[in-house]
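In what follows, a single structure is set out as structure tokens and then discussed.
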Amino acid sequence: MINVLDLEISFAGVPVLRGISFDVARGESYGLVGESGSGKSTILRAITGLAPAGEGLIVVDGQVLDPGPRRDLAFLRRLQMVFQDPYGSLHPRHTVDRVLRESLAIQEIADADARIVGILADVGLGPQFRYRYPHQLSGGQRQRVAIARALITDPEILLLDEPTSALDVSVQAEVLNLLDDLRRARNLTFILVSHNLPVVTHMCDRVGVIQNGLLVEELPAAALDRGTARHAYTRSLLASASGYRRPGRKGTEETAPVARAPHAHSPADARSPKPITVPAEEGRPVLSDFLNDALIFGRSLR
């Protein structure tokens with residue numbers, strides 16, 4: 001559904017992307033990982049037209065995109081983006097209702113009231129949130145509004161630029177589980193940018209690893225989960241993501257945490273996310289444990 005071929009972008013003569021190529025199938029979730037400044041977010045901005053592409057092609061469902069910033073409304077109805085900062089992506093003087101209504105007005109979509117009520121319910125916000133301002137919401141609630149704004153026009157593609165990095169771990173888990181459920185329910189296609197390898201392995205089917213504007217490796221999320229990367233840079237990311245290891249743990253690899261029983265009020269089929277498996281040294285805790293535990297806990301509360 002999305003094809004990026006030999007994409008090159010420079011800013012002030014400095015190369016940012018150098019011949020990036022990848023494909024994303026319809027309904028697939030594709031992750032982009034790499035250190036800060038590697039060019040991950042620039043790819044999303046080029047697809048949306050927020051950053052002009054220099055060389056190469058971007059094709060979405062057979063439509064070759066203009067390399068400049070021009071995207072027509074029909075295209076933007078099919079593709080939406082959720083930004084990193086929920087504090088900065090919402091107008092501070094607009095209520096939730098106005099934020100959502102504006103998207104519908106731009107696309108000339110009718111039945112605004114019914115759509116607003118419905119999308120708020122879909123993202124786990126009741127009608128009492130409809131006329132609140134951003135400063136009256138928590139960080140997680142703001143990001144749910146941002147997701148609602150992206151989904152209210154019924155897009156087929158969501159571009160997710162670090163959608164949970166500004167949130168604490170427990171709220172991250174809630175938002176990630178929400179996005180995962182929405183993708184399955186609506187058959188959405190995702191491109192997810194993240195620094196967090198456990199997040200990527202939980203959310204994505206395949207992963208592209210970017211270093212200094214180059215796609216150095218592409219692998220299934222399950223392979224990243226097992227720690228079976230081929231490229232040295234990917235292996236270094238896995239090593240840095242190991243964080244620290246809990247005292248008393250032994251062995252050279254982390255194993256899956258024991259899933260807790262579902263909460264009394266949760267669905268019987270509450271599922272546990274797959275944990276990431278990374279090499280680690282004894283005596284060093286593993287940061288991914290905390291996110292895996294939070295994902296399980298967040299799922300059990302839903």
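Within each chain, counting starts at residue 1; across the structure tokens, chains are named A, B, ... in the order shown, with ligands numbered 1 upward in that order.
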
Any chance you could list, as a CSV table (one decimal) with C-alpha atoms, in the first residue's frame, the residues in range 29-244 of chain A that come up strand (DSSP E) when DSSP is run on the backbone?
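What follows is the written file states02.csv:
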chain,number,residue,atom,x,y,z
A,29,SER,CA,2.1,-2.3,11.0
A,30,TYR,CA,5.7,-1.2,10.1
A,31,GLY,CA,8.1,0.2,12.6
A,32,LEU,CA,11.0,2.6,12.1
A,33,VAL,CA,13.7,2.6,14.8
A,55,GLU,CA,14.9,12.6,-4.9
A,56,GLY,CA,13.1,9.3,-5.0
A,57,LEU,CA,9.4,8.2,-5.1
A,58,ILE,CA,6.6,7.9,-2.6
A,59,VAL,CA,3.6,5.9,-3.8
A,60,VAL,CA,0.5,5.4,-1.7
A,63,GLN,CA,-0.8,7.3,-6.3
A,64,VAL,CA,2.6,8.8,-6.9
A,79,LEU,CA,-3.9,9.3,5.7
A,80,GLN,CA,-3.5,11.0,9.0
A,81,MET,CA,-0.7,11.5,11.5
A,82,VAL,CA,-0.5,11.3,15.3
A,157,ILE,CA,-3.3,4.9,7.1
A,158,LEU,CA,-2.0,6.2,10.4
A,159,LEU,CA,1.5,7.6,10.7
A,160,LEU,CA,2.6,7.5,14.4
A,161,ASP,CA,5.5,9.7,15.4
A,189,THR,CA,-2.1,0.4,8.1
A,190,PHE,CA,0.5,1.8,10.5
A,191,ILE,CA,3.9,3.3,10.2
A,192,LEU,CA,5.3,3.7,13.7
A,193,VAL,CA,8.4,5.7,14.6
A,206,ARG,CA,8.2,-5.7,10.5
A,207,VAL,CA,10.8,-3.2,11.5
A,208,GLY,CA,13.3,-1.0,9.6
A,209,VAL,CA,16.4,0.1,11.3
A,210,ILE,CA,17.8,3.5,10.3
A,211,GLN,CA,21.3,4.8,10.9
A,214,LEU,CA,20.3,4.8,5.7
A,215,LEU,CA,18.1,1.8,6.1
A,216,VAL,CA,20.7,-0.6,7.4
A,217,GLU,CA,18.4,-3.6,8.2
A,218,GLU,CA,14.9,-4.8,7.8
A,219,LEU,CA,13.6,-7.7,9.8
A,220,PRO,CA,10.4,-9.2,11.2

- Item | Which of range 22-204 of chain A DSSP labels helix (DSSP H, G or I), written as an MDAnalysis selection string | chainID A and resid 40:48 73:78 96:106 112:122 127:129 134:136 139:151 169:186 197:203

- Message: Residues near Asp61 in chain A, anyone? I mean within 9 Å using only C-alpha atoms, not counting same-chain ones fewer than 6 positions away, as a ChimeraX atom specification.
- Response: /A:1-3,26

Could those residues be written to a file, using N, CA and C atoms, as a compact mmCIF listing (two decimals), in the first residue's frame?
# COMPACT_ATOMS: atom_id res chain seq x y z
N MET A 1 0.82 -1.21 0.00
CA MET A 1 0.00 0.00 0.00
C MET A 1 0.86 1.27 0.00
N ILE A 2 1.98 1.23 0.73
CA ILE A 2 2.91 2.35 0.75
C ILE A 2 4.24 1.86 0.22
N ASN A 3 4.77 2.56 -0.77
CA ASN A 3 6.06 2.22 -1.35
C ASN A 3 6.95 3.46 -1.32
N ARG A 26 -1.02 -3.38 2.87
CA ARG A 26 -2.28 -2.94 3.46
C ARG A 26 -2.57 -3.74 4.74

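Counting only C-alpha atoms and comparing A:Ile106, A:Ala166, A:Leu50, A:Val4, the residue that lies closest to Phe22 in chain A is A:Val4.
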
- Item | Among the residues A:Ser10, A:Gln136, A:Ser89, A:Asn177, the one that comes closest to Gly54 in chain A [using only C-alpha atoms] | A:Ser10

- Query: Using only C-alpha atoms, which residue out of A:Ile43, A:Leu224, A:Leu65, A:Leu100 lies closest to Ala112 in chain A?
  - Reply: A:Leu100

- Contacts of range 119-130 of chain A at 12 Å (only C-alpha atoms; same-chain gap of 3+ positions) as a ChimeraX atom specification: /A:94-101,112-116,133-138,140-154,174-183,185-186,302

Near Pro52 in chain A, within 8 Å and counting only C-alpha atoms, which residues show up once chain neighbours fewer than 5 positions away are dropped, as a PDB file with C-alpha atoms, in the first residue's frame?
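File written: out_13.pdb
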ATOM      1  CA  ILE A   9      16.133  14.578   1.592  1.00  0.00           C
ATOM      2  CA  ALA A  46       7.752  13.573   3.635  1.00  0.00           C
ATOM      3  CA  PRO A  67       7.720  15.711  -3.969  1.00  0.00           C
ATOM      4  CA  GLY A  68       6.627  19.107  -2.679  1.00  0.00           C
ATOM      5  CA  PRO A  69       4.312  19.972   0.217  1.00  0.00           C
TER       6      PRO A  69
END

Applying 7 Å and only C-alpha atoms, which residues near Leu167 in chain A remain after dropping the ones on its own chain fewer than 3 positions away? List them as a PDB file with C-alpha atoms, in the first residue's frame.
ATOM      1  CA  GLY A 139      -1.364  13.594  29.040  1.00  0.00           C
ATOM      2  CA  GLY A 140      -2.929  10.247  28.176  1.00  0.00           C
ATOM      3  CA  THR A 164       3.704   7.572  23.622  1.00  0.00           C
ATOM      4  CA  VAL A 171      -0.237   5.486  30.341  1.00  0.00           C
ATOM      5  CA  GLN A 172       1.954   4.362  27.432  1.00  0.00           C
TER       6      GLN A 172
END
